[in-house]
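Source file: final-v8.txt; contents: compact mmCIF, C-alpha atoms and all ligand atoms.
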```
# COMPACT_ATOMS: atom_id res chain seq x y z
CA MET E 20 101.66 119.46 151.47
CA ARG E 21 104.11 121.66 149.62
CA ILE E 22 102.84 124.07 146.96
CA ILE E 23 105.68 125.39 144.84
CA VAL E 24 105.50 127.86 141.98
CA HIS E 25 107.91 128.64 139.17
CA VAL E 26 107.44 131.88 137.24
CA ASP E 27 109.26 132.62 134.00
CA MET E 28 108.79 135.95 132.22
CA ASP E 29 107.76 135.70 128.57
CA ALA E 30 110.37 136.80 126.01
CA PHE E 31 111.80 138.88 128.82
CA TYR E 32 114.31 141.29 127.20
CA ALA E 33 112.12 141.74 124.12
CA ALA E 34 109.02 142.31 126.25
CA VAL E 35 110.82 144.99 128.27
CA GLU E 36 111.86 146.71 125.04
CA GLU E 37 108.27 146.64 123.81
CA ARG E 38 107.04 148.08 127.08
CA TYR E 39 109.38 151.07 126.96
CA ASN E 40 109.10 151.64 123.24
CA PRO E 41 105.45 151.45 122.18
CA GLY E 42 106.52 151.77 118.54
CA LEU E 43 107.68 148.16 118.76
CA ARG E 44 104.28 146.75 119.65
CA ASN E 45 102.88 144.27 117.16
CA CYS E 46 106.27 144.06 115.48
CA PRO E 47 108.63 141.09 115.44
CA VAL E 48 111.46 142.13 117.81
CA VAL E 49 114.92 140.60 117.97
CA VAL E 50 117.28 141.60 120.80
CA GLY E 51 120.93 140.81 120.18
CA ALA E 52 124.03 141.69 118.19
CA ASP E 53 123.91 144.19 115.33
CA PRO E 54 122.85 142.21 112.21
CA LYS E 55 124.71 144.61 109.82
CA ASP E 56 122.48 143.66 106.90
CA GLY E 57 123.31 140.02 107.33
CA ARG E 58 127.07 140.42 107.82
CA GLY E 59 126.92 140.89 111.57
CA ARG E 60 128.63 138.55 114.00
CA GLY E 61 127.26 137.48 117.36
CA VAL E 62 123.96 135.95 118.30
CA VAL E 63 120.32 136.56 119.14
CA THR E 64 119.81 137.17 122.87
CA THR E 65 116.07 136.69 122.65
CA ALA E 66 113.22 137.28 120.25
CA ASN E 67 109.57 138.05 120.91
CA TYR E 68 106.93 135.51 119.97
CA MET E 69 106.13 137.17 116.65
CA ALA E 70 109.78 136.86 115.58
CA ARG E 71 109.91 133.29 116.87
CA ARG E 72 107.28 132.40 114.26
CA PHE E 73 109.99 133.07 111.67
CA GLY E 74 112.26 130.54 113.37
CA ILE E 75 114.30 133.16 115.24
CA HIS E 76 115.35 132.18 118.78
CA SER E 77 117.99 132.74 121.48
CA ALA E 78 121.59 131.78 120.53
CA LEU E 79 120.90 131.75 116.78
CA PRO E 80 123.64 133.58 114.81
CA ILE E 81 122.36 137.10 114.18
CA SER E 82 123.20 136.80 110.45
CA HIS E 83 120.92 133.79 110.23
CA ALA E 84 118.17 135.65 112.10
CA TRP E 85 118.50 138.54 109.67
CA ARG E 86 118.05 136.20 106.68
CA LEU E 87 114.96 134.63 108.28
CA ALA E 88 113.54 138.10 108.94
CA GLU E 89 114.22 139.19 105.36
CA ALA E 90 112.58 136.09 103.96
CA ALA E 91 109.52 136.74 106.15
CA ARG E 92 109.36 140.38 105.03
CA LYS E 93 109.42 139.28 101.40
CA ARG E 94 106.47 136.99 102.11
CA GLY E 95 104.57 140.09 103.24
CA GLU E 96 105.11 139.71 107.01
CA PRO E 97 105.94 142.82 109.06
CA ALA E 98 109.62 143.78 109.12
CA ALA E 99 111.54 142.59 112.18
CA ILE E 100 113.19 145.20 114.37
CA PHE E 101 116.67 144.44 115.68
CA ILE E 102 117.69 146.00 118.99
CA SER E 103 120.92 145.85 120.94
CA PRO E 104 120.42 144.85 124.58
CA ASN E 105 120.09 147.35 127.41
CA PHE E 106 121.13 145.13 130.31
CA ARG E 107 120.86 147.86 132.92
CA LEU E 108 117.18 148.35 132.15
CA TYR E 109 116.47 144.59 132.26
CA GLY E 110 118.23 144.36 135.62
CA GLU E 111 116.14 147.18 137.08
CA VAL E 112 112.86 145.71 135.85
CA SER E 113 113.92 142.29 137.14
CA ALA E 114 114.67 143.67 140.61
CA ARG E 115 111.20 145.22 140.83
CA ILE E 116 109.50 141.99 139.74
CA MET E 117 111.52 139.98 142.26
CA GLN E 118 110.29 142.31 145.00
CA ILE E 119 106.70 141.59 144.03
CA PHE E 120 107.40 137.84 144.25
CA GLU E 121 109.18 138.13 147.54
CA GLY E 122 106.23 139.90 149.13
CA ARG E 123 103.79 137.27 147.89
CA ALA E 124 105.42 134.04 149.13
CA ASP E 125 106.42 132.19 152.30
CA ALA E 126 109.84 131.69 150.71
CA PHE E 127 111.26 132.96 147.47
CA GLU E 128 114.25 132.14 145.27
CA GLU E 129 115.57 134.24 142.42
CA ALA E 130 116.57 131.61 139.87
CA SER E 131 117.72 133.91 137.04
CA ILE E 132 117.06 137.41 135.74
CA ASP E 133 113.54 136.43 134.68
CA GLU E 134 112.72 133.35 136.77
CA ALA E 135 111.78 132.75 140.37
CA TYR E 136 110.50 130.00 142.65
CA LEU E 137 107.86 130.77 145.26
CA ASP E 138 106.88 128.54 148.13
CA ILE E 139 103.20 129.24 148.86
CA SER E 140 102.46 126.09 150.89
CA SER E 141 100.79 128.08 153.66
CA LEU E 142 97.82 128.74 151.35
CA GLY E 143 96.92 125.12 152.04
CA GLY E 144 95.40 124.14 148.68
CA PHE E 145 95.91 124.31 144.93
CA GLU E 146 92.69 126.27 144.25
CA ARG E 147 93.82 129.07 146.50
CA ALA E 148 97.30 128.86 145.00
CA VAL E 149 95.87 129.42 141.52
CA GLU E 150 93.84 132.45 142.66
CA HIS E 151 96.89 133.84 144.41
CA MET E 152 99.12 133.44 141.37
CA MET E 153 96.51 134.96 139.05
CA ALA E 154 96.61 138.02 141.28
CA VAL E 155 100.43 138.12 141.12
CA LYS E 156 100.29 137.75 137.34
CA ASN E 157 97.86 140.69 137.12
CA GLU E 158 100.02 142.80 139.38
CA ILE E 159 103.07 142.28 137.17
CA CYS E 160 101.01 143.03 134.11
CA GLU E 161 99.63 146.25 135.60
CA LYS E 162 102.82 147.55 137.20
CA GLU E 163 105.40 146.43 134.66
CA GLY E 164 103.34 145.72 131.55
CA LEU E 165 104.89 142.29 131.17
CA GLY E 166 103.55 138.77 130.73
CA CYS E 167 104.76 135.63 132.41
CA SER E 168 104.13 131.91 132.51
CA ILE E 169 103.49 130.08 135.74
CA GLY E 170 103.81 126.49 136.86
CA ILE E 171 102.33 125.26 140.14
CA GLY E 172 103.26 121.86 141.53
CA PRO E 173 104.32 119.86 144.58
CA ASN E 174 108.03 120.70 144.15
CA LYS E 175 110.49 122.86 142.23
CA LEU E 176 111.12 120.27 139.53
CA ILE E 177 107.45 119.91 138.60
CA ALA E 178 106.79 123.66 138.92
CA LYS E 179 109.70 124.43 136.58
CA ILE E 180 108.60 121.95 133.92
CA ALA E 181 105.00 123.16 134.27
CA SER E 182 105.85 126.84 133.73
CA GLY E 183 107.37 125.98 130.35
CA HIS E 184 104.42 123.82 129.39
CA LYS E 185 102.20 126.56 127.97
CA LYS E 186 104.13 129.60 126.92
CA PRO E 187 103.52 132.53 126.62
CA ASP E 188 100.96 133.66 129.21
CA GLY E 189 100.50 130.15 130.55
CA LEU E 190 99.35 128.80 133.88
CA THR E 191 99.81 125.09 134.42
CA ILE E 192 98.82 123.27 137.59
CA VAL E 193 100.09 119.80 138.40
CA ARG E 194 98.60 118.37 141.57
CA PRO E 195 100.51 115.66 143.43
CA ASP E 196 98.29 112.89 142.03
CA GLU E 197 98.73 114.20 138.47
CA VAL E 198 102.52 114.15 138.40
CA ARG E 199 102.76 110.77 136.64
CA GLU E 200 100.33 111.57 133.82
CA PHE E 201 101.91 115.01 133.38
CA LEU E 202 105.49 113.75 133.13
CA ASP E 203 105.08 110.46 131.28
CA PRO E 204 104.41 111.77 127.75
CA LEU E 205 107.03 114.56 127.87
CA PRO E 206 110.25 114.25 125.88
CA ILE E 207 113.31 113.55 128.08
CA ARG E 208 114.67 116.99 127.20
CA ALA E 209 111.90 118.49 129.34
CA ILE E 210 113.79 117.34 132.44
CA PRO E 211 116.06 120.13 133.68
CA GLY E 212 119.66 118.99 133.35
CA VAL E 213 119.08 116.74 130.35
CA GLY E 214 121.01 118.57 127.65
CA PRO E 215 121.72 117.71 124.02
CA LYS E 216 124.43 115.17 124.91
CA SER E 217 122.41 113.16 127.40
CA GLU E 218 119.46 113.40 125.05
CA ALA E 219 121.43 111.99 122.10
CA PHE E 220 122.81 109.19 124.26
CA LEU E 221 119.37 108.27 125.62
CA HIS E 222 117.86 108.37 122.13
CA GLN E 223 120.47 105.82 121.08
CA GLN E 224 119.13 103.59 123.82
CA ASN E 225 115.63 104.20 122.41
CA ILE E 226 114.60 106.24 125.43
CA ARG E 227 112.51 109.17 124.22
CA THR E 228 109.87 110.05 126.78
CA VAL E 229 109.99 110.46 130.54
CA LYS E 230 107.91 107.29 130.71
CA ASP E 231 110.64 105.39 128.82
CA LEU E 232 113.21 106.83 131.19
CA GLY E 233 111.15 105.80 134.22
CA GLU E 234 111.39 102.20 133.10
CA ILE E 235 115.18 102.14 133.33
CA SER E 236 116.58 100.80 136.57
CA GLU E 237 118.56 102.98 138.89
CA ALA E 238 121.54 100.65 138.58
CA ILE E 239 121.69 101.14 134.81
CA LEU E 240 121.26 104.91 135.03
CA THR E 241 124.07 105.05 137.59
CA GLU E 242 126.26 102.95 135.33
CA TRP E 243 125.61 105.38 132.47
CA PHE E 244 125.75 108.70 134.30
CA GLY E 245 127.35 108.09 137.73
CA LYS E 246 125.86 110.11 140.58
CA TRP E 247 123.72 112.15 138.16
CA GLY E 248 122.04 108.87 137.20
CA GLN E 249 120.54 108.67 140.67
CA ARG E 250 119.10 112.17 140.36
CA LEU E 251 117.78 111.31 136.92
CA PHE E 252 116.07 108.21 138.32
CA GLU E 253 114.31 110.41 140.86
CA LYS E 254 113.51 113.19 138.41
CA ALA E 255 111.83 110.70 136.08
CA ARG E 256 109.51 110.00 139.05
CA GLY E 257 108.92 113.68 139.72
CA ILE E 258 110.84 113.65 143.00
CA ASP E 259 112.61 116.78 144.22
CA ASP E 260 112.95 117.78 147.87
CA SER E 261 115.08 120.88 147.39
CA ALA E 262 113.98 123.93 149.34
CA VAL E 263 112.92 127.27 147.87
CA SER E 264 115.50 129.64 149.26
CA ASN E 265 117.86 132.35 148.12
CA GLU E 266 120.26 131.65 150.89
CA TRP E 267 120.41 127.93 151.23
CA THR E 268 124.18 127.92 151.18
CA ARG E 269 124.34 130.40 154.01
CA LYS E 270 121.35 129.46 156.12
CA SER E 271 121.80 125.76 156.04
CA LEU E 272 124.29 123.08 155.25
CA GLY E 273 123.33 119.53 154.44
CA GLU E 274 124.11 116.26 152.79
CA GLN E 275 122.05 113.37 151.61
CA GLU E 276 122.81 109.96 150.31
CA THR E 277 120.93 107.29 148.43
CA PHE E 278 122.13 103.86 149.46
CA ALA E 279 123.37 101.36 146.89
CA GLU E 280 120.71 99.04 148.32
CA ASP E 281 117.66 99.86 150.45
CA SER E 282 118.41 99.14 154.10
CA ARG E 283 116.56 98.04 157.25
CA SER E 284 119.69 98.01 159.36
CA PRO E 285 119.71 100.61 162.16
CA SER E 286 123.45 100.27 162.61
CA PHE E 287 124.18 100.82 158.92
CA VAL E 288 121.88 103.84 158.60
CA THR E 289 123.17 105.35 161.85
CA GLU E 290 126.73 104.93 160.66
CA GLN E 291 125.93 106.86 157.45
CA LEU E 292 124.23 109.58 159.45
CA TYR E 293 127.20 109.88 161.80
CA GLY E 294 129.54 110.15 158.83
CA MET E 295 127.47 113.08 157.57
CA ALA E 296 127.49 114.67 161.03
CA GLU E 297 131.29 114.55 161.08
CA ARG E 298 131.62 116.06 157.61
CA LEU E 299 129.04 118.77 158.31
CA ILE E 300 130.73 119.85 161.52
CA SER E 301 134.07 120.14 159.70
CA LYS E 302 132.44 122.09 156.86
CA LEU E 303 130.78 124.42 159.31
CA ARG E 304 134.13 125.10 160.98
CA GLU E 305 135.81 125.49 157.59
CA LYS E 306 133.24 128.10 156.59
CA GLU E 307 133.78 129.81 159.92
CA PHE E 308 130.26 129.49 161.26
CA LEU E 309 129.90 129.63 165.02
CA GLY E 310 127.12 127.06 165.24
CA PHE E 311 123.58 125.97 164.35
CA ARG E 312 120.20 125.81 166.02
CA THR E 313 118.20 123.29 164.01
CA VAL E 314 118.90 119.74 162.92
CA THR E 315 116.80 118.10 160.21
CA VAL E 316 116.85 114.46 159.21
CA THR E 317 115.35 113.52 155.85
CA LEU E 318 114.38 109.96 155.23
CA ARG E 319 113.07 108.34 152.10
CA PHE E 320 111.58 104.84 152.16
CA SER E 321 111.89 102.27 149.40
CA ASP E 322 108.44 103.32 148.08
CA PHE E 323 109.75 106.94 147.88
CA GLU E 324 107.63 108.21 150.73
CA THR E 325 109.79 110.98 152.17
CA LYS E 326 109.73 112.48 155.65
CA ASN E 327 111.59 115.35 157.27
CA ARG E 328 111.97 115.59 161.02
CA SER E 329 113.52 118.60 162.71
CA HIS E 330 114.51 119.58 166.18
CA SER E 331 115.77 122.95 167.37
CA VAL E 332 118.12 123.41 170.27
CA LYS E 333 117.21 126.51 172.25
CA ASN E 334 120.55 128.27 172.38
CA GLY E 335 122.05 126.33 169.51
CA ILE E 336 125.10 124.12 169.37
CA ARG E 337 128.37 125.99 168.99
CA VAL E 338 131.10 124.50 166.88
CA ASP E 339 133.79 127.11 167.50
CA THR E 340 134.24 126.59 171.23
CA ASP E 341 132.31 123.45 172.10
CA GLU E 342 134.44 120.31 171.87
CA GLN E 343 131.24 118.34 172.35
CA ALA E 344 129.52 119.74 169.22
CA LEU E 345 129.92 116.54 167.22
CA ARG E 346 128.67 114.33 170.04
CA LEU E 347 125.66 116.62 170.57
CA LEU E 348 124.83 116.64 166.88
CA LYS E 349 125.01 112.84 166.70
CA GLN E 350 122.68 112.64 169.66
CA GLU E 351 120.17 115.03 168.03
CA ALA E 352 120.35 113.17 164.72
CA LEU E 353 119.86 109.80 166.39
CA MET E 354 116.80 111.02 168.30
CA LEU E 355 115.27 112.08 164.99
CA LEU E 356 116.24 108.86 163.24
CA LEU E 357 115.24 106.18 165.77
CA PRO E 358 111.44 106.50 165.33
CA PHE E 359 111.92 105.40 161.72
CA PHE E 360 112.95 101.97 162.93
CA ASP E 361 109.83 101.30 164.93
CA ALA E 362 106.07 101.74 164.86
CA ARG E 363 106.25 105.47 165.61
CA GLU E 364 107.31 106.48 162.09
CA ASN E 365 107.50 103.18 160.27
CA PRO E 366 104.67 100.86 161.29
CA ARG E 367 105.00 98.69 158.22
CA GLY E 368 108.74 98.21 158.63
CA LYS E 369 109.67 99.63 155.22
CA ALA E 370 113.28 99.65 154.06
CA ILE E 371 115.15 102.95 153.79
CA ARG E 372 116.39 104.27 150.48
CA LEU E 373 117.91 107.63 151.36
CA ILE E 374 119.02 109.51 154.40
CA GLY E 375 119.85 113.19 154.73
CA LEU E 376 121.13 115.45 157.46
CA ARG E 377 120.84 119.22 157.40
CA LEU E 378 121.96 121.89 159.84
CA GLU E 379 119.80 125.00 159.73
CA ASN E 380 119.60 128.38 161.37
CA LEU E 381 123.34 128.70 161.16
CA PHE E 382 125.01 131.53 162.97
P1 LIG E 401 114.47 132.80 128.87
O1 LIG E 401 113.47 132.82 129.98
O2 LIG E 401 115.11 131.51 128.51
O3 LIG E 401 113.83 133.36 127.53
P2 LIG E 401 112.75 134.50 127.32
O4 LIG E 401 112.28 135.06 128.60
O5 LIG E 401 113.32 135.50 126.36
O6 LIG E 401 111.60 133.74 126.57
P3 LIG E 401 110.57 132.67 127.15
O7 LIG E 401 110.86 132.50 128.60
O8 LIG E 401 109.21 133.28 126.90
O9 LIG E 401 110.79 131.44 126.36
O10 LIG E 401 115.63 133.82 129.18
C1 LIG E 401 115.41 135.06 129.85
C2 LIG E 401 116.28 136.15 129.27
O11 LIG E 401 117.64 135.74 129.35
C3 LIG E 401 116.01 136.41 127.82
O12 LIG E 401 114.99 137.37 127.61
C4 LIG E 401 117.35 136.84 127.30
C5 LIG E 401 118.35 136.16 128.19
N1 LIG E 401 118.98 135.01 127.46
C6 LIG E 401 120.25 135.16 126.94
O13 LIG E 401 120.89 136.20 127.13
N2 LIG E 401 120.80 134.12 126.24
C7 LIG E 401 120.14 132.94 126.03
O14 LIG E 401 120.66 132.02 125.38
C8 LIG E 401 118.82 132.79 126.59
C9 LIG E 401 118.04 131.53 126.39
C10 LIG E 401 118.29 133.86 127.29
MG MG E 402 111.64 133.78 130.16
```

Render the structure in this file as C-alpha cells.
Amino acid sequence: MRIIVHVDMDAFYAAVEERYNPGLRNCPVVVGADPKDGRGRGVVTTANYMARRFGIHSALPISHAWRLAEAARKRGEPAAIFISPNFRLYGEVSARIMQIFEGRADAFEEASIDEAYLDISSLGGFERAVEHMMAVKNEICEKEGLGCSIGIGPNKLIAKIASGHKKPDGLTIVRPDEVREFLDPLPIRAIPGVGPKSEAFLHQQNIRTVKDLGEISEAILTEWFGKWGQRLFEKARGIDDSAVSNEWTRKSLGEQETFAEDSRSPSFVTEQLYGMAERLISKLREKEFLGFRTVTVTLRFSDFETKNRSHSVKNGIRVDTDEQALRLLKQEALMLLLPFFDARENPRGKAIRLIGLRLENLF
C-alpha cells in the first residue's frame, strides 16, 4: 500500500513576512506590487487569510486590492499592510523546510517553493502516517514559525486535492476505500489540470462535479480533449501511479500506454511493450546514458487493478557498447509480462487496459 503526502504552506510569502516582522501579526497582509494609493500597477502575489476575508487574493490587480482594503478599513476593520516581496528570504525559508521534509520521508519531491510530496509508505498504515505528519507539522511550526496544510492519500493526486481541502492548518486523510466518496462531490475544478477553459467547456456539457465527470465515457473524453481526456478519465476515478521523486527524469525513463480497447491478446500487448523498449533504448542513447539496472513493467487491468513488476540485472545492461541491449531489454520485459497472461498474475483472465515500461537505476 502506498501512503503519499502533499504539504502546502499556508499563505506562504505573507506568513514568512509575519514571522520576521512581528508588527504584522494580527494584521491583514498583502504581498505584491506597490499599490500607490490605488494607482499602482501589477498584482497581488499572495495575501494572508485575514486579507483574504476582504476578497484579496493572488493575481488580483493591486489597485483592486487597495480599494478592497480601503473599503474594509472604512467598515472598521484593521488596515491592511502592503509589502513588496523579498524572494531571497522566501527561497531560504523554503530550502530549510524542504530539508525537514526530505529527512522525514522514504522519497521526497519538491513541487514548488511551498509544496512538497512525501512518500511515507514504509510506515505501513494511515494512523502512523497521521502521527508522523503531525510531528512534521509541529517541527515546521517550532523551527520556522509557519503553518501548513497536509493531505494524506494513496497517491499524489488524492494527496494534492486533500491538502487543499481544509486550509489553513488543515490535515485531511483519504484512505483508499474513501477515495470515491471524497472525490464525488467535489467541483471539477478541484482536479489538478482542469483550468478555467476546461471547466467552462465541461459546465456547458452540464458536468459540474467529479461524480458527473466520472459518468462520462473514456471515448467521449478522448474525443473532447485528446490524450488529456484519458488522464482525466483516470483522475475522475482517483487513479495516479506517478512516483514521488525529485529526479524522475534522471533516475528513470519510462512510457505507458492505454489501449484504445482492453486486450487479452499476448501478441498485441507484447508488440506494444517491444515498441516501448525500442523507443526507450533510443532515448537513453540520445540522452547519453550508459545503461540501466532495473526494468519495471506496469500493468493495469480493465477493472483498474494496477500491478508493477520489477527485475534488476546485477551489472546492468549497457546501451553504449552492447549491441544486444535491445534484445536483452525485450527479454527482461517479456519475463515480467508473461505471468499476466496466466494464473500466476491473472487467475481470472482479466483483459488489460494499460501497459507501461520503465527503465530505472540509470547510469
Ligand atoms: P500558493 O500555495 O498557491 O499560495 P499561498 O501559500 O500563498 O496560500 P495557500 O497555500 O494558503 O492558499 O502559492 C505559494 C506562494 O507562491 C505564495 O505565497 C506566493 C506565490 N504565488 C505567486 O507568486 N503568484 C501566484 O499567482 C500564486 C497563486 C502564488
Ligand atoms: Mg501555499

Subject >> Interatomic distance, atom CA of E:Glu134 to atom C3 of ligand LIG 401 (chain E) (Å, one decimal) >> reply: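 Distance reported for this atom pair: 10.0 Å.
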
What are the nearest atom pairs, with distances in Å to one decimal, for all residues of chain E that come at most 8 Å from ligand LIG 401 (chain E), using all atoms listed in the file, set out by chain and rising residue number as CSV?
```
residue,atom,partner,partner_atom,distance
E:Asp27,CA,E:LIG401,O7,5.6
E:Met28,CA,E:LIG401,O4,5.1
E:Asp29,CA,E:LIG401,O8,3.3
E:Ala30,CA,E:LIG401,O5,3.2
E:Phe31,CA,E:LIG401,O12,3.7
E:Tyr32,CA,E:LIG401,O12,4.0
E:Ala33,CA,E:LIG401,O12,6.3
E:Ala34,CA,E:LIG401,O12,7.9
E:Val63,CA,E:LIG401,N2,7.5
E:Thr64,CA,E:LIG401,O13,4.5
E:Thr65,CA,E:LIG401,O5,4.8
E:Ala66,CA,E:LIG401,O5,6.4
E:Asn67,CA,E:LIG401,O5,7.1
E:Tyr68,CA,E:LIG401,O8,7.6
E:Ser77,CA,E:LIG401,O14,4.8
E:Ala78,CA,E:LIG401,O14,4.9
E:Ser131,CA,E:LIG401,C1,7.6
E:Ile132,CA,E:LIG401,C1,6.6
E:Asp133,CA,E:LIG401,C1,5.4
E:Glu134,CA,E:LIG401,O1,6.9
E:Cys167,CA,E:LIG401,O8,7.5
E:Ser168,CA,E:LIG401,O8,7.7
E:Gly183,CA,E:LIG401,O9,7.6
E:Lys186,CA,E:LIG401,O8,6.3
E:Pro187,CA,E:LIG401,O8,5.7
```

Original post:
Looking at all atoms listed in the file, which of E:Ala98, E:Lys175, E:Asp125, E:Gly164 is the one that sits closest to E:Val26?
Top reply: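 Closest residue, counting all atoms listed in the file: E:Lys175.
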
**OP:** Show which residues sit within 8 Å of stretch 336-341 of chain E, as a PyMOL selection string. Count all atoms listed in the file, and ignore same-chain residues fewer than 2 positions away.
**Re:** chain E and resi 300+303-304+308-312+332+334+343-344+347-348

Original post:
Nearest to ligand MG 402 (chain E) among E:Leu373, E:Cys160, E:Leu165, E:Ile239, with distances taken over only C-alpha atoms and all ligand atoms: which residue is it?
Top reply: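 The closest residue to ligand MG 402 (chain E) is E:Leu165.
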
**OP:** Identify, on the basis of only C-alpha atoms, every residue whose closest approach to E:Lys254 does not exceed 8 Å; exclude the query and any residue fewer than 5 positions from it along the same chain; express the result as a PyMOL selection string.
**Re:** chain E and resi 176+210+259

Subject >> Non-local contacts of E:Ile119 (12 Å; only C-alpha atoms; under 6 positions in same chain excluded) as number ranges by chain >> reply: E: 26, 112-113, 127, 129, 135, 137, 152, 154-163

**OP:** Determine the nearest neighbour of E:Leu232 from the options E:Pro204, E:Gly189, E:Pro211, E:Gly245, counting only C-alpha atoms.
**Re:**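 Of the candidates, the smallest distance to E:Leu232 is held by E:Pro204.
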
Subject >> Selection near E:Gln275, 7 Å with only C-alpha atoms, sequence-local residues under 5 positions removed, as a list in words >> reply: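 My reading of the contact set: Ile374, Gly375 and Leu376 of chain E.
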
Original post:
When you draw a straight line from atom CA of E:Val213 to atom CA of E:Ser264, how long is it in Å?
Top reply: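 A separation of 23.2 Å between them.
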
Original post:
Within 9 Å of E:Leu353, counting only C-alpha atoms, which residues qualify if same-chain residues fewer than 3 places away don't, as a list in words?
Top reply: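 Returned residues: Thr289, Leu292, Tyr293, Leu348, Lys349, Gln350, Leu356 and Leu357 of chain E.
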